>>> print(open('structure_38.txt').read())   # compact mmCIF, C-alpha atoms
# COMPACT_ATOMS: atom_id res chain seq x y z
CA MET A 528 83.87 139.33 8.39
CA ASN A 529 85.10 138.11 5.03
CA THR A 530 87.26 140.97 3.74
CA ASN A 531 86.75 139.77 0.17
CA TYR A 532 83.49 141.66 0.26
CA PHE A 533 85.03 145.09 0.97
CA PRO A 534 85.39 145.74 -2.79
CA LEU A 535 81.65 145.05 -3.12
CA LEU A 536 80.95 147.45 -0.27
CA GLY A 537 83.07 150.11 -1.97
CA LEU A 538 81.21 149.58 -5.22
CA ILE A 539 77.87 150.00 -3.49
CA ILE A 540 78.96 153.25 -1.86
CA MET A 541 80.34 154.51 -5.15
CA LEU A 542 77.16 153.70 -7.05
CA PHE A 543 74.79 154.83 -4.30
CA PRO A 544 76.42 157.67 -2.35
CA LEU A 545 74.82 158.94 0.84
CA SER A 546 74.16 162.25 -0.85
CA SER A 547 75.12 164.08 -4.00
CA ALA A 548 76.84 167.39 -3.24
CA ALA A 549 76.80 168.42 -6.88
CA ALA A 550 73.02 168.12 -7.02
CA GLN A 551 72.33 170.10 -3.84
CA LYS A 552 70.01 173.04 -4.48
CA HIS A 553 69.38 175.99 -2.18
CA LEU A 554 66.32 178.20 -1.75
CA ILE A 555 67.20 181.66 -0.42
CA PHE A 556 64.65 184.07 1.04
CA LEU A 557 64.66 187.75 0.05
CA ASP A 558 61.99 190.04 1.44
CA GLY A 559 60.50 192.88 -0.57
CA TYR A 560 57.31 193.37 1.39
CA LEU A 561 58.00 194.07 5.04
CA GLY A 562 60.88 196.48 4.50
CA TRP A 563 64.35 196.44 5.98
CA TYR A 564 63.50 196.13 9.66
CA TYR A 565 62.72 192.41 9.53
CA SER A 566 65.90 191.61 7.57
CA MET A 567 68.32 193.58 9.74
CA PRO A 568 70.72 192.14 12.34
CA PRO A 569 68.86 193.23 15.51
CA TYR A 570 65.59 191.62 14.46
CA VAL A 571 67.18 188.55 12.88
CA SER A 572 69.36 187.87 15.93
CA ALA A 573 66.47 188.39 18.35
CA HIS A 574 64.29 185.92 16.43
CA HIS A 575 66.87 183.62 14.87
CA GLN A 576 65.20 180.45 16.15
CA GLU A 577 61.85 181.29 14.54
CA ILE A 578 63.57 182.46 11.35
CA GLU A 579 65.78 179.38 11.13
CA ALA A 580 62.68 177.21 11.39
CA LEU A 581 61.28 178.70 8.16
CA PRO A 582 61.45 176.44 5.06
CA TYR A 583 64.44 178.10 3.38
CA SER A 584 68.11 177.26 2.98
CA GLY A 585 69.16 180.71 4.10
CA PHE A 586 68.38 184.40 4.34
CA SER A 587 69.57 187.81 3.16
CA VAL A 588 70.58 190.43 5.70
CA VAL A 589 70.68 194.18 5.06
CA GLY A 590 72.45 196.73 7.21
CA ASN A 591 72.57 200.45 7.91
CA VAL A 592 76.31 200.86 7.42
CA TYR A 593 76.98 198.66 4.40
CA THR A 594 74.07 197.76 2.09
CA SER A 595 73.52 201.22 0.57
CA TYR A 596 76.99 202.65 1.20
CA VAL A 597 79.61 200.24 -0.12
CA MET A 598 79.34 201.98 -3.52
CA SER A 599 78.14 205.38 -2.35
CA ALA A 600 79.83 208.57 -3.54
CA ASP A 601 79.05 210.29 -0.25
CA THR A 602 82.29 210.47 1.75
CA ASN A 603 80.29 210.99 4.94
CA SER A 604 78.70 207.55 4.70
CA ASN A 605 80.92 205.36 2.49
CA ASN A 606 83.49 204.66 5.19
CA VAL A 607 82.54 200.99 5.26
CA THR A 608 85.32 199.61 7.44
CA TYR A 609 85.37 196.06 8.75
CA ALA A 610 85.07 197.35 12.31
CA ARG A 611 81.88 199.27 11.51
CA VAL A 612 80.31 196.39 9.59
CA TRP A 613 81.23 193.87 12.26
CA ASP A 614 79.81 196.02 15.00
CA GLU A 615 76.44 195.97 13.20
CA VAL A 616 76.33 192.28 12.29
CA LYS A 617 78.30 190.51 15.04
CA SER A 618 75.15 189.52 16.94
CA LEU A 619 74.47 187.00 14.14
CA GLN A 620 77.72 185.08 14.57
CA GLY A 621 77.09 181.37 15.04
CA LEU A 622 73.32 181.69 15.42
CA PHE A 623 72.31 179.75 12.31
CA THR A 624 73.17 176.09 12.70
CA THR A 625 71.14 174.47 9.92
CA LYS A 626 70.24 177.34 7.55
CA THR A 627 73.82 178.34 6.72
CA ASP A 628 73.40 179.71 3.19
CA ASN A 629 73.01 183.28 4.40
CA PHE A 630 74.14 186.44 2.63
CA LEU A 631 74.92 190.07 3.41
CA VAL A 632 73.31 192.42 0.86
CA ILE A 633 75.09 195.14 -1.12
CA ASP A 634 73.21 197.49 -3.47
CA VAL A 635 74.76 198.99 -6.57
CA ASP A 636 75.53 202.71 -6.66
CA PHE A 637 77.84 205.05 -8.57
CA PRO A 638 80.87 205.94 -6.44
CA GLY A 639 82.49 208.14 -9.08
CA ASP A 640 84.25 208.28 -12.43
CA PHE A 641 85.69 204.95 -13.49
CA TRP A 642 89.14 206.50 -13.94
CA ASP A 643 89.25 207.92 -10.42
CA ASP A 644 91.65 205.53 -8.69
CA ALA A 645 91.06 206.93 -5.19
CA VAL A 646 87.29 206.46 -5.45
CA TRP A 647 87.54 202.89 -6.67
CA THR A 648 90.26 201.93 -4.22
CA LYS A 649 87.91 202.98 -1.44
CA THR A 650 84.99 201.12 -3.03
CA THR A 651 87.12 197.98 -3.33
CA SER A 652 88.08 198.25 0.34
CA ASN A 653 84.39 198.55 1.24
CA PHE A 654 83.49 195.33 -0.60
CA ALA A 655 86.37 193.53 1.09
CA ALA A 656 85.19 194.67 4.52
CA VAL A 657 81.74 193.18 3.97
CA ALA A 658 83.25 189.96 2.61
CA LYS A 659 85.39 189.62 5.73
CA ALA A 660 82.36 190.14 7.95
CA ALA A 661 80.36 187.53 6.00
CA LYS A 662 83.16 185.01 6.47
CA ASN A 663 83.49 185.65 10.20
CA LEU A 664 79.74 185.32 10.66
CA GLY A 665 79.80 181.90 9.06
CA PHE A 666 77.69 183.22 6.18
CA LYS A 667 77.97 181.98 2.61
CA GLY A 668 78.82 185.31 1.03
CA ILE A 669 77.32 188.40 -0.56
CA LEU A 670 74.12 189.07 -2.48
CA PHE A 671 74.79 191.93 -4.92
CA ASP A 672 71.72 193.76 -6.21
CA ASP A 673 72.80 195.40 -9.47
CA GLU A 674 69.50 197.20 -10.01
CA PRO A 675 70.00 200.90 -9.20
CA TYR A 676 67.73 202.62 -6.71
CA ALA A 677 68.18 206.33 -7.41
CA ASN A 678 66.97 208.28 -4.40
CA GLY A 679 68.25 210.41 -1.57
CA GLN A 680 72.04 210.38 -1.57
CA HIS A 681 72.05 207.88 -4.40
CA THR A 682 70.56 209.86 -7.30
CA HIS A 683 73.37 208.82 -9.65
CA ALA A 684 72.95 205.08 -9.08
CA ASN A 685 71.54 204.81 -12.62
CA TYR A 686 74.97 205.72 -13.97
CA MET A 687 76.05 202.15 -13.21
CA SER A 688 73.62 200.80 -15.79
CA ASN A 689 74.01 202.58 -19.10
CA PHE A 690 76.69 204.10 -21.30
CA ARG A 691 75.74 207.55 -22.55
CA PHE A 692 75.76 207.42 -26.33
CA PRO A 693 75.34 210.67 -28.29
CA LYS A 694 71.82 211.48 -29.32
CA LYS A 695 70.96 210.42 -32.82
CA ALA A 696 69.63 213.88 -33.73
CA ASP A 697 72.90 215.50 -32.67
CA ILE A 698 74.94 213.09 -34.77
CA THR A 699 72.69 213.70 -37.78
CA ALA A 700 73.06 217.45 -37.41
CA HIS A 701 76.84 217.46 -36.91
CA PRO A 702 78.41 214.16 -37.94
CA GLU A 703 81.81 215.85 -38.13
CA ASN A 704 81.88 216.08 -34.33
CA TYR A 705 81.79 212.33 -33.75
CA GLU A 706 84.03 209.28 -34.03
CA GLN A 707 83.30 206.48 -36.48
CA TRP A 708 82.03 204.12 -33.78
CA GLU A 709 79.50 206.77 -32.71
CA LEU A 710 78.36 207.22 -36.29
CA ASP A 711 78.01 203.46 -36.72
CA GLU A 712 76.09 203.12 -33.48
CA SER A 713 73.62 205.82 -34.49
CA GLN A 714 72.73 204.00 -37.72
CA GLU A 715 71.34 200.93 -36.00
CA ASN A 716 67.66 200.59 -35.24
CA ARG A 717 67.77 202.00 -31.73
CA GLY A 718 65.32 204.84 -32.06
CA ASP A 719 66.37 208.36 -31.09
CA TRP A 720 69.63 207.44 -29.37
CA VAL A 721 68.59 204.78 -26.85
CA ASP A 722 65.32 204.75 -24.99
CA TYR A 723 66.88 205.31 -21.59
CA THR A 724 64.40 206.25 -18.94
CA CYS A 725 64.85 205.82 -15.23
CA TYR A 726 63.36 206.78 -11.90
CA ILE A 727 64.96 209.29 -9.54
CA ASN A 728 63.28 209.72 -6.16
CA GLY A 729 60.29 207.87 -7.56
CA VAL A 730 59.81 210.25 -10.51
CA LYS A 731 60.23 208.98 -14.05
CA GLU A 732 63.14 210.76 -15.73
CA GLU A 733 63.03 211.08 -19.51
CA GLU A 734 66.37 212.85 -20.04
CA SER A 735 68.93 210.23 -20.93
CA GLU A 736 71.74 212.31 -19.44
CA ASN A 737 70.33 211.57 -15.99
CA CYS A 738 70.14 207.84 -16.60
CA SER A 739 73.59 207.06 -18.00
CA TYR A 740 77.27 207.92 -17.72
CA ARG A 741 80.23 208.61 -19.96
CA ASN A 742 83.66 210.11 -19.43
CA LEU A 743 84.09 212.09 -22.67
CA ASP A 744 87.82 211.39 -22.71
CA HIS A 745 87.22 207.71 -23.34
CA SER A 746 85.49 205.47 -25.87
CA PHE A 747 82.79 202.89 -25.29
CA ILE A 748 85.18 199.97 -25.27
CA GLU A 749 87.50 201.79 -22.89
CA HIS A 750 84.58 202.21 -20.50
CA MET A 751 83.67 198.53 -20.70
CA ASP A 752 87.26 197.48 -20.10
CA LYS A 753 87.71 199.87 -17.20
CA VAL A 754 84.51 198.82 -15.44
CA ALA A 755 85.43 195.16 -15.85
CA SER A 756 88.88 195.80 -14.43
CA ARG A 757 87.42 197.64 -11.41
CA PHE A 758 85.13 194.74 -10.57
CA LYS A 759 87.85 192.17 -11.21
CA THR A 760 89.86 193.95 -8.54
CA ILE A 761 86.81 194.01 -6.25
CA MET A 762 86.33 190.26 -6.66
CA GLU A 763 89.99 189.60 -5.92
CA ALA A 764 89.84 191.79 -2.81
CA MET A 765 86.76 189.95 -1.51
CA GLU A 766 88.45 186.59 -2.12
CA ALA A 767 91.56 187.75 -0.27
CA GLU A 768 89.35 188.11 2.81
CA PHE A 769 87.03 185.19 2.07
CA PRO A 770 88.57 182.63 -0.32
CA ASP A 771 85.42 180.48 -0.45
CA ILE A 772 83.01 183.37 -0.97
CA THR A 773 79.78 182.85 -2.90
CA LEU A 774 78.57 185.90 -4.84
CA LEU A 775 74.95 186.06 -6.00
CA VAL A 776 74.27 188.75 -8.64
CA LEU A 777 70.59 189.46 -9.20
CA HIS A 778 70.55 190.53 -12.86
CA GLY A 779 73.82 189.28 -14.29
CA ALA A 780 75.04 189.82 -17.82
CA ALA A 781 72.02 188.96 -19.94
CA THR A 782 70.47 192.43 -19.81
CA ALA A 783 73.63 193.90 -21.33
CA HIS A 784 73.93 191.65 -24.36
CA PRO A 785 72.40 192.94 -27.63
CA LYS A 786 71.08 189.52 -28.61
CA THR A 787 69.28 188.71 -25.38
CA ASN A 788 65.89 189.82 -26.70
CA ILE A 789 66.11 189.25 -30.42
CA PRO A 790 62.91 187.96 -32.11
CA ASP A 791 62.11 184.35 -31.24
CA HIS A 792 64.78 184.47 -28.57
CA TYR A 793 63.27 186.36 -25.65
CA ILE A 794 65.17 185.63 -22.46
CA LYS A 795 64.65 188.73 -20.37
CA PRO A 796 61.59 190.37 -21.90
CA ASN A 797 61.14 193.25 -19.50
CA SER A 798 61.22 196.11 -22.03
CA ILE A 799 65.01 196.46 -21.65
CA PHE A 800 66.76 196.09 -24.98
CA GLU A 801 70.44 196.62 -25.69
CA THR A 802 70.91 198.72 -22.56
CA ASN A 803 72.51 198.21 -19.17
CA GLU A 804 75.95 197.77 -20.72
CA TYR A 805 77.68 198.36 -17.41
CA LYS A 806 75.83 195.43 -15.84
CA GLY A 807 77.59 193.19 -18.34
CA ALA A 808 80.96 194.79 -17.63
CA MET A 809 80.48 194.49 -13.86
CA PHE A 810 79.53 190.83 -14.07
CA LEU A 811 82.41 190.13 -16.44
CA GLY A 812 84.82 191.71 -13.96
CA PHE A 813 83.52 189.49 -11.16
CA LYS A 814 84.02 186.49 -13.44
CA GLN A 815 87.57 187.52 -14.38
CA GLY A 816 88.46 187.90 -10.71
CA LEU A 817 87.43 184.36 -9.70
CA GLN A 818 90.12 182.34 -8.02
CA GLY A 819 90.21 179.06 -6.12
CA ASN A 820 86.94 178.09 -4.48
CA ALA A 821 84.99 181.32 -4.93
CA SER A 822 81.79 181.01 -6.97
CA LEU A 823 79.75 183.46 -9.06
CA HIS A 824 76.02 183.06 -9.65
CA ASP A 825 73.83 184.81 -12.20
CA LEU A 826 70.28 184.91 -10.80
CA GLY A 827 68.77 186.48 -13.94
CA GLU A 828 66.04 188.40 -12.14
CA PHE A 829 62.81 187.93 -14.07
CA TYR A 830 59.61 186.70 -12.45
CA GLN A 831 57.42 185.51 -15.31
CA TYR A 832 58.96 182.25 -16.41
CA HIS A 833 56.34 179.59 -15.75
CA THR A 834 57.01 176.76 -18.20
CA GLU A 835 59.85 174.28 -18.36
CA ALA A 836 60.79 175.55 -21.83
CA GLN A 837 61.10 179.14 -20.56
CA PHE A 838 63.36 178.17 -17.67
CA GLU A 839 65.44 176.01 -19.99
CA ALA A 840 65.79 178.76 -22.61
CA ALA A 841 66.90 181.25 -19.95
CA TYR A 842 69.45 178.76 -18.66
CA GLN A 843 70.78 177.93 -22.11
CA TRP A 844 71.23 181.60 -23.01
CA ARG A 845 72.98 182.66 -19.83
CA LYS A 846 75.12 179.52 -19.55
CA GLN A 847 76.07 178.84 -23.17
CA ASP A 848 74.62 180.99 -25.94
CA ILE A 849 75.70 184.37 -24.58
CA VAL A 850 79.29 183.44 -25.49
CA SER A 851 78.59 181.46 -28.66
CA ASN A 852 79.93 182.56 -32.04
CA GLN A 853 76.40 182.38 -33.41
CA TYR A 854 75.29 185.32 -31.27
CA ASN A 855 78.51 187.32 -31.17
CA GLN A 856 80.22 187.11 -34.54
CA ASP A 857 78.35 190.05 -36.09
CA LEU A 858 78.63 192.38 -33.07
CA ASP A 859 81.03 195.31 -33.04
CA ASN A 860 82.47 195.68 -29.56
CA ALA A 861 83.36 199.29 -30.35
CA TYR A 862 79.79 200.13 -29.36
CA ARG A 863 78.23 196.86 -28.15
CA TRP A 864 78.93 194.99 -24.94
CA VAL A 865 80.01 191.42 -25.65
CA VAL A 866 81.86 188.81 -23.64
CA PRO A 867 85.51 189.08 -24.74
CA GLN A 868 86.88 186.18 -26.77
CA LEU A 869 89.36 185.20 -24.05
CA ASP A 870 86.56 184.73 -21.49
CA ARG A 871 84.20 182.66 -23.60
CA ALA A 872 85.74 179.22 -23.24
CA SER A 873 85.61 179.35 -19.43
CA TRP A 874 82.24 181.12 -19.13
CA SER A 875 80.01 178.08 -18.63
CA GLN A 876 82.40 176.67 -16.07
CA ASP A 877 82.83 179.90 -14.10
CA VAL A 878 79.26 181.21 -14.21
CA GLN A 879 76.60 179.36 -12.24
CA ILE A 880 72.98 179.92 -13.24
CA GLY A 881 70.11 180.48 -10.83
CA TYR A 882 66.65 182.05 -10.84
CA MET A 883 64.37 184.34 -8.88
CA VAL A 884 60.77 183.40 -8.21
CA SER A 885 58.15 185.56 -6.53
CA ASP A 886 54.74 185.24 -4.93
CA TYR A 887 53.04 187.57 -7.37
CA GLY A 888 52.17 187.49 -11.05
CA ARG A 889 52.51 190.35 -13.52
CA PRO A 890 50.88 191.33 -16.77
CA HIS A 891 53.09 191.34 -19.85
CA TYR A 892 52.73 192.48 -23.44
CA LEU A 893 53.88 189.04 -24.65
CA PRO A 894 51.05 186.53 -24.08
CA GLU A 895 53.43 183.73 -23.10
CA TYR A 896 54.64 185.80 -20.13
CA ASN A 897 51.29 187.31 -19.20
CA ILE A 898 50.57 185.83 -15.75
CA PRO A 899 48.82 188.56 -13.72
CA ASP A 900 46.84 186.11 -11.59
CA ALA A 901 49.34 183.26 -11.29
CA CYS A 902 50.04 183.95 -7.64
CA THR A 903 48.31 181.18 -5.73
CA PRO A 904 50.40 178.64 -3.77
CA PRO A 905 50.12 176.00 -6.56
CA ASP A 906 51.26 178.59 -9.14
CA VAL A 907 54.27 179.62 -7.09
CA GLU A 908 55.06 176.01 -6.20
CA SER A 909 55.19 175.10 -9.87
CA ARG A 910 57.58 177.95 -10.67
CA LEU A 911 59.80 177.17 -7.70
CA ASN A 912 60.08 173.51 -8.66
CA LEU A 913 60.85 174.34 -12.28
CA ALA A 914 63.50 176.86 -11.21
CA LEU A 915 65.12 174.49 -8.72
CA ALA A 916 65.15 171.65 -11.24
CA ARG A 917 67.06 173.75 -13.77
CA ALA A 918 69.26 175.92 -11.51
CA ASP A 919 72.88 175.00 -10.94
CA GLU A 920 72.51 175.69 -7.22
CA TYR A 921 70.59 178.78 -6.06
CA VAL A 922 67.02 180.00 -6.39
CA ILE A 923 65.89 183.14 -4.61
CA PHE A 924 62.30 183.41 -3.43
CA TYR A 925 61.45 187.11 -3.51
CA SER A 926 58.41 187.75 -1.37
CA ASP A 927 56.50 190.91 -2.22
CA SER A 928 52.87 190.01 -1.76
CA SER A 929 51.79 193.65 -1.86
CA LEU A 930 52.12 193.35 -5.65
CA SER A 931 49.94 190.26 -5.76
CA SER A 932 46.33 189.96 -6.83
CA CYS A 933 46.05 186.92 -4.57
CA ASP A 934 47.20 187.00 -0.95
CA ASP A 935 48.57 190.41 -0.10
CA ASP A 936 49.76 190.03 3.49
CA ILE A 937 52.31 187.22 3.60
CA ARG A 938 54.69 188.07 6.43
CA TRP A 939 57.33 185.35 6.43
CA LEU A 940 59.79 187.05 8.79
CA ASP A 941 57.26 188.64 11.13
CA VAL A 942 57.19 186.19 14.04
CA ASN A 943 54.09 187.84 15.44
CA SER A 944 51.99 187.13 12.35
CA SER A 945 51.49 183.62 11.03
CA VAL A 946 51.88 182.85 7.35
CA PRO A 947 48.70 181.30 5.87
CA GLN A 948 48.78 177.53 6.22
CA GLN A 949 48.54 176.83 2.51
CA TRP A 950 51.66 178.93 1.90
CA GLN A 951 53.54 177.28 4.77
CA GLU A 952 52.71 173.80 3.56
CA MET A 953 53.59 174.61 -0.04
CA MET A 954 56.97 176.13 0.82
CA GLN A 955 57.79 173.36 3.28
CA GLY A 956 57.11 170.79 0.59
CA VAL A 957 59.38 172.58 -1.89
CA TYR A 958 62.10 172.94 0.73
CA ASN A 959 61.86 169.28 1.75
CA SER A 960 62.23 168.24 -1.88
CA ILE A 961 65.72 169.75 -2.15
CA GLN A 962 67.16 168.16 0.98
CA PRO A 963 69.85 165.53 0.37
CA ALA A 964 68.40 162.04 0.27
CA LYS A 965 69.88 159.56 2.72
CA SER A 966 70.72 156.25 1.12
CA VAL A 967 68.68 153.31 2.32
CA LEU A 968 70.52 150.87 0.06
CA LEU A 969 73.58 150.45 2.24
CA PRO A 970 71.62 149.29 5.33
CA LEU A 971 69.76 146.88 3.09
CA PHE A 972 73.02 145.37 1.86
CA MET A 973 74.71 145.19 5.28
CA PRO A 974 72.97 141.96 6.46
CA VAL A 975 74.01 140.28 3.23
CA LEU A 976 77.61 141.37 3.66
CA LEU A 977 77.76 140.38 7.31
CA ASN A 978 76.12 137.01 6.76
CA HIS A 979 78.73 135.97 4.21
CA ASP A 980 81.02 135.00 7.12
CA ARG A 981 78.55 132.53 8.55
>>> encode(input="structure_38.txt", output="structure tokens")
Amino acid sequence: MNTNYFPLLGLIIMLFPLSSAAAQKHLIFLDGYLGWYYSMPPYVSAHHQEIEALPYSGFSVVGNVYTSYVMSADTNSNNVTYARVWDEVKSLQGLFTTKTDNFLVIDVDFPGDFWDDAVWTKTTSNFAAVAKAAKNLGFKGILFDDEPYANGQHTHANYMSNFRFPKKADITAHPENYEQWELDESQENRGDWVDYTCYINGVKEEESENCSYRNLDHSFIEHMDKVASRFKTIMEAMEAEFPDITLLVLHGAATAHPKTNIPDHYIKPNSIFETNEYKGAMFLGFKQGLQGNASLHDLGEFYQYHTEAQFEAAYQWRKQDIVSNQYNQDLDNAYRWVVPQLDRASWSQDVQIGYMVSDYGRPHYLPEYNIPDACTPPDVESRLNLALARADEYVIFYSDSSLSSCDDDIRWLDVNSSVPQQWQEMMQGVYNSIQPAKSVLLPLFMPVLLNHDR
């Protein structure tokens, strides 16, 4: 062979690589319909071949000893050691050979006061134990659900969402009892204090004291800084066990930022406005703890984007605008969560943006998000493709067909019940579209290169 043509061969490979790692997208399955049983290690390991054949890049796995207890305050159940986690999940080791983007699930809870070092040291150790198990399974990392589920042992989970501001009526009656930042906060258009409502054991709770948390010895900004520092330490501890860990966070920071839902700039229009400050602080802490090859992904859980412009606006806000001077310069961080100045320059590099798409539509008070019947396979296909086109890497498909006005019995993980053909074909097509393309150009050029010697 004429070696003068090796430079040409190198140029061809450079211009037309076999695949583009940077462009690889992943579609992760998360079940909200069948319950835990079908997403737990015994079932997944027993049916791993059928599950791996499904048209997804990977799966989420919940467990009895870790998912609900990593952040629990109950000392009888929060002993989440590596040995205990591994004993529950070890049957999954090495089973998935092609669908390797799998995640162990951790739910948010309130382990205790942010200034209680013993509580948070234990919580940090719990996160690290799950990270170590994920690594040894060959999984990609952890899916962190930062939406609180207040029930049973976990009635204070809501505390990890909102800071407890004084009630506006109390400040008006006795302004002398409050600091200047509390007086300033009460003057803004936030209604009577903040409209915090939550659900505890399925019952709507109207008393804000049951939906938020504050240590009275510390200010708002001290709370934000302390929460961020706790989760920075958690991220570092997980990376110490799993340096390449991928962390998917379902809500991310957008819900916490005061400008997320300003007029003409609706990004997360789910009736949450200027609340969930601790979600921002938690996510910021994860970001500050990033080292080496670990990656952090904001999935921005909201299911009613259905146009390219909506997906693009959500991306732009979470990737760029949330740290821009335009949307932060008039905010007082004494009583508003904002991304600190020192973290803004690296935000778009450190934070990867993804989406969540579901198989049901929902009504909405804003007409542009009102899609109660957009739950057919073509509807969902369109949203999945738009999400995957804009996402940096990950899109989660959240299946909860019981909330759908279309098909209401889609049992993806139940190997004894077939998924309707139209749903199978749709999802397979979406999944096929994100597989790396194999170059056909190099084989086409090879005869030319080889024949130059003749």
>>> residues_around(input="structure_38.txt", residues="range 770-786 of chain A", least_positions_apart="6", cutoff="9 Å", atoms="all atoms listed in the file", output="PyMOL selection string")
chain A and resi 630+658+661-662+666-674+688-689+792-795+799-811+813+818-829+844-845+849+854-855+858+863-866+881-883+921
>>> closest_residue(input="structure_38.txt", among="A:Gln962, A:Ser885, A:Asn591, A:Asn852", to="Thr625 in chain A", atoms="only C-alpha atoms")
A:Gln962
>>> closest_residue(input="structure_38.txt", among="A:Glu732, A:Glu908, A:Asp614, A:Glu839", to="Asn685 in chain A", atoms="only C-alpha atoms")
A:Glu732
>>> atom_distance(input="structure_38.txt", atom1="CA of Glu952 in chain A", atom2="CA of Gln551 in chain A")
21.3 Å
>>> closest_residue(input="structure_38.txt", among="A:Glu715, A:Asp634, A:Asp857, A:Glu763", to="Leu817 in chain A", atoms="only C-alpha atoms")
A:Glu763
>>> closest_residue(input="structure_38.txt", among="A:Val942, A:Tyr593, A:Ala861, A:Glu615", to="Ala655 in chain A", atoms="all atoms listed in the file")
A:Tyr593
>>> residues_around(input="structure_38.txt", residues="Glu706 in chain A", least_positions_apart="5", cutoff="12 Å", atoms="all atoms listed in the file", output="list in words")
Phe692, Pro693, Ile698, His701, Asp711, Glu712, Ser713, Leu743, His745, Ser746, Phe747, Ala861 and Tyr862 of chain A
>>> axis_aligned_box(input="structure_38.txt", around="range 932-947 of chain A", padding_each_side="6 Å", output="AutoDock Vina command-line options")
--center_x 52.9 --center_y 185.9 --center_z 4.3 --size_x 25.7 --size_y 21.1 --size_z 34.3
>>> closest_residue(input="structure_38.txt", among="A:Tyr570, A:Tyr958, A:Tyr676, A:Tyr925", to="Leu619 in chain A", atoms="all atoms listed in the file")
A:Tyr570
>>> residues_around(input="structure_38.txt", residues="Thr627 in chain A", least_positions_apart="3", cutoff="9 Å", atoms="only C-alpha atoms", output="list in words")
Ser584, Gly585, Phe586, Phe623, Thr624, Gly665, Phe666 and Lys667 of chain A
>>> closest_residue(input="structure_38.txt", among="A:Ala916, A:Val657, A:Ala872, A:Val730", to="Glu766 in chain A", atoms="all atoms listed in the file")
A:Val657
>>> atom_distance(input="structure_38.txt", atom1="CA of Ser873 in chain A", atom2="CA of Ala841 in chain A")
18.8 Å
>>> residues_near_point(input="structure_38.txt", point="(71.7, 176.3, -19.6)", cutoff="10 Å", atoms="only C-alpha atoms", output="list in words")
Phe838, Glu839, Ala840, Ala841, Tyr842, Gln843, Trp844, Arg845, Lys846, Gln847, Asp848, Ser875, Gln879, Ile880, Gly881, Arg917, Ala918 and Asp919 of chain A
>>> write_last_selection(input="structure_38.txt", atoms="C-alpha atoms", output="PDB file, in the frame of the given file")
ATOM      1  CA  PHE A 838      63.360 178.170 -17.670  1.00  0.00           C
ATOM      2  CA  GLU A 839      65.440 176.010 -19.990  1.00  0.00           C
ATOM      3  CA  ALA A 840      65.790 178.760 -22.610  1.00  0.00           C
ATOM      4  CA  ALA A 841      66.900 181.250 -19.950  1.00  0.00           C
ATOM      5  CA  TYR A 842      69.450 178.760 -18.660  1.00  0.00           C
ATOM      6  CA  GLN A 843      70.780 177.930 -22.110  1.00  0.00           C
ATOM      7  CA  TRP A 844      71.230 181.600 -23.010  1.00  0.00           C
ATOM      8  CA  ARG A 845      72.980 182.660 -19.830  1.00  0.00           C
ATOM      9  CA  LYS A 846      75.120 179.520 -19.550  1.00  0.00           C
ATOM     10  CA  GLN A 847      76.070 178.840 -23.170  1.00  0.00           C
ATOM     11  CA  ASP A 848      74.620 180.990 -25.940  1.00  0.00           C
ATOM     12  CA  SER A 875      80.010 178.080 -18.630  1.00  0.00           C
ATOM     13  CA  GLN A 879      76.600 179.360 -12.240  1.00  0.00           C
ATOM     14  CA  ILE A 880      72.980 179.920 -13.240  1.00  0.00           C
ATOM     15  CA  GLY A 881      70.110 180.480 -10.830  1.00  0.00           C
ATOM     16  CA  ARG A 917      67.060 173.750 -13.770  1.00  0.00           C
ATOM     17  CA  ALA A 918      69.260 175.920 -11.510  1.00  0.00           C
ATOM     18  CA  ASP A 919      72.880 175.000 -10.940  1.00  0.00           C
TER      19      ASP A 919
END
>>> atom_distance(input="structure_38.txt", atom1="CA of Leu940 in chain A", atom2="CA of Val616 in chain A")
17.7 Å
>>> residues_near_point(input="structure_38.txt", point="(60.5, 180.4, -12.4)", cutoff="6 Å", atoms="all atoms listed in the file", output="PyMOL selection string")
chain A and resi 832-833+884+910-911+914
>>> residues_around(input="structure_38.txt", residues="Val592 in chain A", least_positions_apart="6", cutoff="9 Å", atoms="only C-alpha atoms", output="VMD selection string")
chain A and resid 604 to 607 611 to 612 615
>>> residues_around(input="structure_38.txt", residues="Tyr740 in chain A", least_positions_apart="5", cutoff="6 Å", atoms="all atoms listed in the file", output="ChimeraX atom specification")
/A:686,690-691
